[in-house]
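Notes follow once the structure below has been shown.
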Amino acid sequence: MERRVVIIGAGISGLLACKYSVEKGFDPVVFEAEDRIGGVWNRTIQSTKLQNVKDGFRFSDFDWPASVQEIFPSHTEVLDYVESYARHFNLYPYIKFHSRVINIDFVGESFEEMKTWDLWGGTGMAFGSKGKWHITVLDTETNATEVHQAEFVILCIGRFSGLPNIPELPPTYCSKVFDGKVMHSMEYSDMEKSAAVELIKGKRITIVGSQKSAVDLAVECAEANGVKYPCVMIQRNPHWLLPGNGFLISHVGHLYFNRFAELCLHKPGQNVLYWLLATVLSPLRWGISKFSEIYLQWKLPLKKYGLVPRHSFLEDVSSCQTCMLPDNFYDKVEGGSIIIKRSQSFRFCKEGLIVGGEDKPISSDLVILATGYKGDQKLKNIFRSSVFQKYLVPSPASTIPLYRQVIHPRIPQLAVIGYTEGFANLPSFEIRCHWLTHLLDGNIKLPSIGAMEKDTARWESHMKRYGRRNFRRSCVGTSNIWYNDQLCKDMNCNPRRKTGFLAEWFQPYGPADYAGLADQKR
């Protein structure tokens with residue numbers, strides 16, 4: 001049978017999927033809606049920097065250029081690095097730009113037949129059934145649509161773009177009653193630099209949000225307008241944000257991202273001995289989290305401005321919610337060019353916004369909603385079948401159930417790369433692409449559908465235990481080594497990647513530890 005592979009999206013995950021599938025002898029077609037690769041790095045706020053040290057955010061076989069000296073490179077340096085990777089491995093010939101995938105549909109197998117399968121795709125193989133995918137693609141230059149066919153589809157569409165999360169408010173309190181302009185941070189990120197500067201200059205700006213986009217935007221607005229027109233931030237649930245220097249950012253890997261740190265966690269599928277050990281070490285786990293919180297409250301004026309989160313530092317790390325503060329953020333707060341208001345609710349009025357507990361409106365010319373994205377809905381919408389949509393998002397109280405965070409047990413001949421998060425996404429995406437191309441090449445034997453569903457349920461319970469209210473972020477950050485071990489074992493590779501007992505247990509794991517993985521066998 002034919003083994004045609006289609007990859008949707010040419011961000012980092014799409015490029016990795018393309019590179020490793022080519023190495024396995026496939027001839028993939030990559031559909032990219034934009035005119036440039038890079039995904040979210042192609043459309044971001046001007047002041048955004050990499051959230052990880054560059055040595056922890058790199059391709060295992062392609063290092064950063066010597067010209068990049070910053071520990072936390074700018075977004076333009078990240079984009080240049082990604083484009084250099086694509087050129088180095090000659091990936092551009094596989095990419096079709098201006099090609100927006102409207103939907104995908106699996107044909108050739110009835111849902112009644114698929115429900116009887118005990119193995120994924122009927123055989124447990126990537127190309128096991130007689131079904132194939134129909135991919136409807138819109139040419140954004142000519143507005144013409146075309147249906148392509150493939151035996152396997154890899155979704156690399158990301159979760160932090162495309163479908164913004166807009167807070168729902170009653171009609172009398174929604175943005176229509178406001179005389180000014182309202183936009184989502186996605187729209188601002190899409191603007192040219194000169195247009196963005198012109199938009200915010202001399203404006204009274206209010207930003208709703210407490211995550212990375214919100215704080216980056218606040219700094220840009222503060223730099224543009226100073227104390228004359230201070231930027232107001234409305235934060236509902238502040239998060240533990242890290243300063244770009246100091247002890248914690250330098251040692252977070254030793255505290256949370258090595259094998260010993262993971263011994264303190266109850267992990268999916270671990271044996272009784274490991275479970276008991278995690279229980280015994282739970283006070284240490286609590287102590288490390290509490291130490292991190294005390295350090296940040298000493299380092300930053302969180303109490304002064306009412307920004308001490310109600311949840312633990314471990315919860316933020318476990319749900320991939322920690323991020324870096326932009327330079328001089330609290331200097332601008334102290335100087336009065338950023339004003340922070342903490343409120344569980346807000347509503348629009350003619351003059352601007354009114355937050356809970358206050359009667360006086362926040363006078364605004366521009367309101368920017370840095371309120372995140374509906375990543376699960378975006379992923380769901382690409383499927384034409386309502387049955388597959390239901391499989392993918394079974395309920396609001398569930399994560400997207402992906403076995404090995406890559407394939408859905410009941411959706412055949414399809415993989416998702418780039419939805420589940422890690423503390424550093426690039427190396428997480430890379431090892432998943434290793435695993436996926438081993439599966440495509442017939443070198444991984446999958447368990448039954450029932451066994452895969454039990455495994456996804458265990459991972460969901462793990463995410464709920466440590467990520468708590470943010471479990472839907474589907475983050476494996478604090479159990480990343482344990483997760484990678486499973487992928488390595490599936491590929492028959494040695495999961496112990498370091499030399500020496502102390503290094504193996506106490507040094508942080510990073511991309512370099514998995515270099516040459518495709519060539520190594522146990």
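Numbering starts fresh at 1 for the residues of each chain in the structure tokens, the chains themselves are lettered A, B, ... in the order given, and ligands are numbered from 1 as they appear.
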Margin query: I'd like the contact shell of stretch 413-423 of chain A - 8 Å cut-off, only C-alpha atoms, skipping same-chain residues fewer than 6 positions apart - returned as an MDAnalysis selection string.
Written below: chainID A and resid 13:14 121 126:127 132 151:159 317 320 375 405:407 429 432:433 436 473:478 480
Just C-alpha atoms for this one: save the residues we selected as a compact mmCIF listing (two decimals), in the first residue's frame.
# COMPACT_ATOMS: atom_id res chain seq x y z
CA SER A 13 7.03 20.67 15.55
CA GLY A 14 6.15 20.50 11.83
CA GLY A 121 -6.01 1.14 13.02
CA ALA A 126 0.67 3.18 11.23
CA PHE A 127 -0.44 2.04 7.78
CA LYS A 132 -7.04 7.23 4.10
CA GLU A 151 -2.46 7.52 4.41
CA PHE A 152 -1.07 9.32 7.46
CA VAL A 153 -1.55 12.85 8.82
CA ILE A 154 0.60 14.62 11.41
CA LEU A 155 -1.09 17.62 13.04
CA CYS A 156 1.43 20.29 14.05
CA ILE A 157 -0.93 23.23 14.35
CA GLY A 158 0.03 24.32 17.86
CA ARG A 159 -2.29 25.55 20.59
CA VAL A 317 5.70 24.35 37.12
CA CYS A 320 3.85 24.80 32.43
CA GLY A 375 -6.15 25.18 21.73
CA GLN A 405 1.18 12.37 24.01
CA VAL A 406 1.22 11.66 20.26
CA ILE A 407 -1.62 9.41 19.00
CA PHE A 429 8.71 17.85 20.29
CA ARG A 432 8.17 12.69 20.07
CA CYS A 433 9.04 12.99 16.39
CA LEU A 436 6.54 8.80 15.75
CA ARG A 473 -2.56 22.54 29.76
CA SER A 474 -1.51 18.87 29.33
CA CYS A 475 1.97 19.53 30.70
CA VAL A 476 4.53 16.79 31.33
CA GLY A 477 7.23 19.22 32.48
CA THR A 478 7.96 17.90 35.97
CA ASN A 480 9.58 14.86 31.51
Near A:Val387, within 10 Å and counting only C-alpha atoms, which residues show up once chain neighbours fewer than 5 positions away are dropped, as a JSON list (two decimals) with N, CA, C and O atoms, in the first residue's frame?
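Result went into out_2.json, see below:
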[["chain", "number", "residue", "atom", "x", "y", "z"],
["A", 111, "PHE", "N", -17.36, 3.78, 10.87],
["A", 111, "PHE", "CA", -17.19, 3.92, 12.31],
["A", 111, "PHE", "C", -17.63, 2.64, 13.03],
["A", 111, "PHE", "O", -17.07, 2.29, 14.08],
["A", 392, "LEU", "N", -11.75, 13.35, 20.57],
["A", 392, "LEU", "CA", -10.62, 14.20, 20.88],
["A", 392, "LEU", "C", -10.87, 15.03, 22.14],
["A", 392, "LEU", "O", -9.97, 15.19, 22.98],
["A", 411, "ILE", "N", -8.35, 7.17, 16.92],
["A", 411, "ILE", "CA", -8.27, 7.89, 15.64],
["A", 411, "ILE", "C", -7.08, 7.34, 14.88],
["A", 411, "ILE", "O", -5.94, 7.64, 15.21]]
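Picture a line from atom CA of A:Gly128 to atom CA of A:Gly516; it runs 28.9 Å.
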Notebook entry, point to check: With only C-alpha atoms as the basis for distance, which of A:Ser60, A:Pro73, A:Glu32, A:Glu187 is at the shortest distance from A:Leu199?
Noted result: A:Glu187
Note to self: Which residues are near A:Val68? Cut-off 12 Å, only C-alpha atoms, ignore same chain within fewer than 2 positions. Put them as a count of residues only.
What the structure shows: 18
Item checked: Proximity to A:Ala451 - best of A:Phe26, A:Phe506, A:Phe31, A:Trp120, only C-alpha atoms -> A:Trp120
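When atom CA of A:Lys464 is paired with atom CA of A:Gln321, their separation reads 14.2 Å.
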Notebook entry, point to check: So how far away is atom CA of A:Ser185 from atom CA of A:Ile200, in Å?
Noted result: 12.6 Å
Item checked: Shell around A:Val137 at 12 Å using only C-alpha atoms, local window under 6 positions removed, as a list of chain:residue names -> A:Val6, A:Ile8, A:Val30, A:Phe31, A:Glu32, A:Ala33, A:Lys96, A:Phe97, A:His98, A:Ser99, A:Arg100, A:Val101, A:Ile102, A:Asn103, A:Ile104, A:Asp105, A:Asn143, A:Ala144, A:Thr145, A:Glu146, A:Val147, A:His148, A:Gln149, A:Ile382
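In terms of minimum interatomic distance to A:Lys193, A:Ser47 ranks closest within A:Ser363, A:Ser282, A:Ser47, A:Ser289, counting only C-alpha atoms.
Considering only C-alpha atoms, the residue among A:Asp455, A:Phe471, A:Glu198, A:Leu426 positioned nearest to A:Ala17 is A:Leu426.
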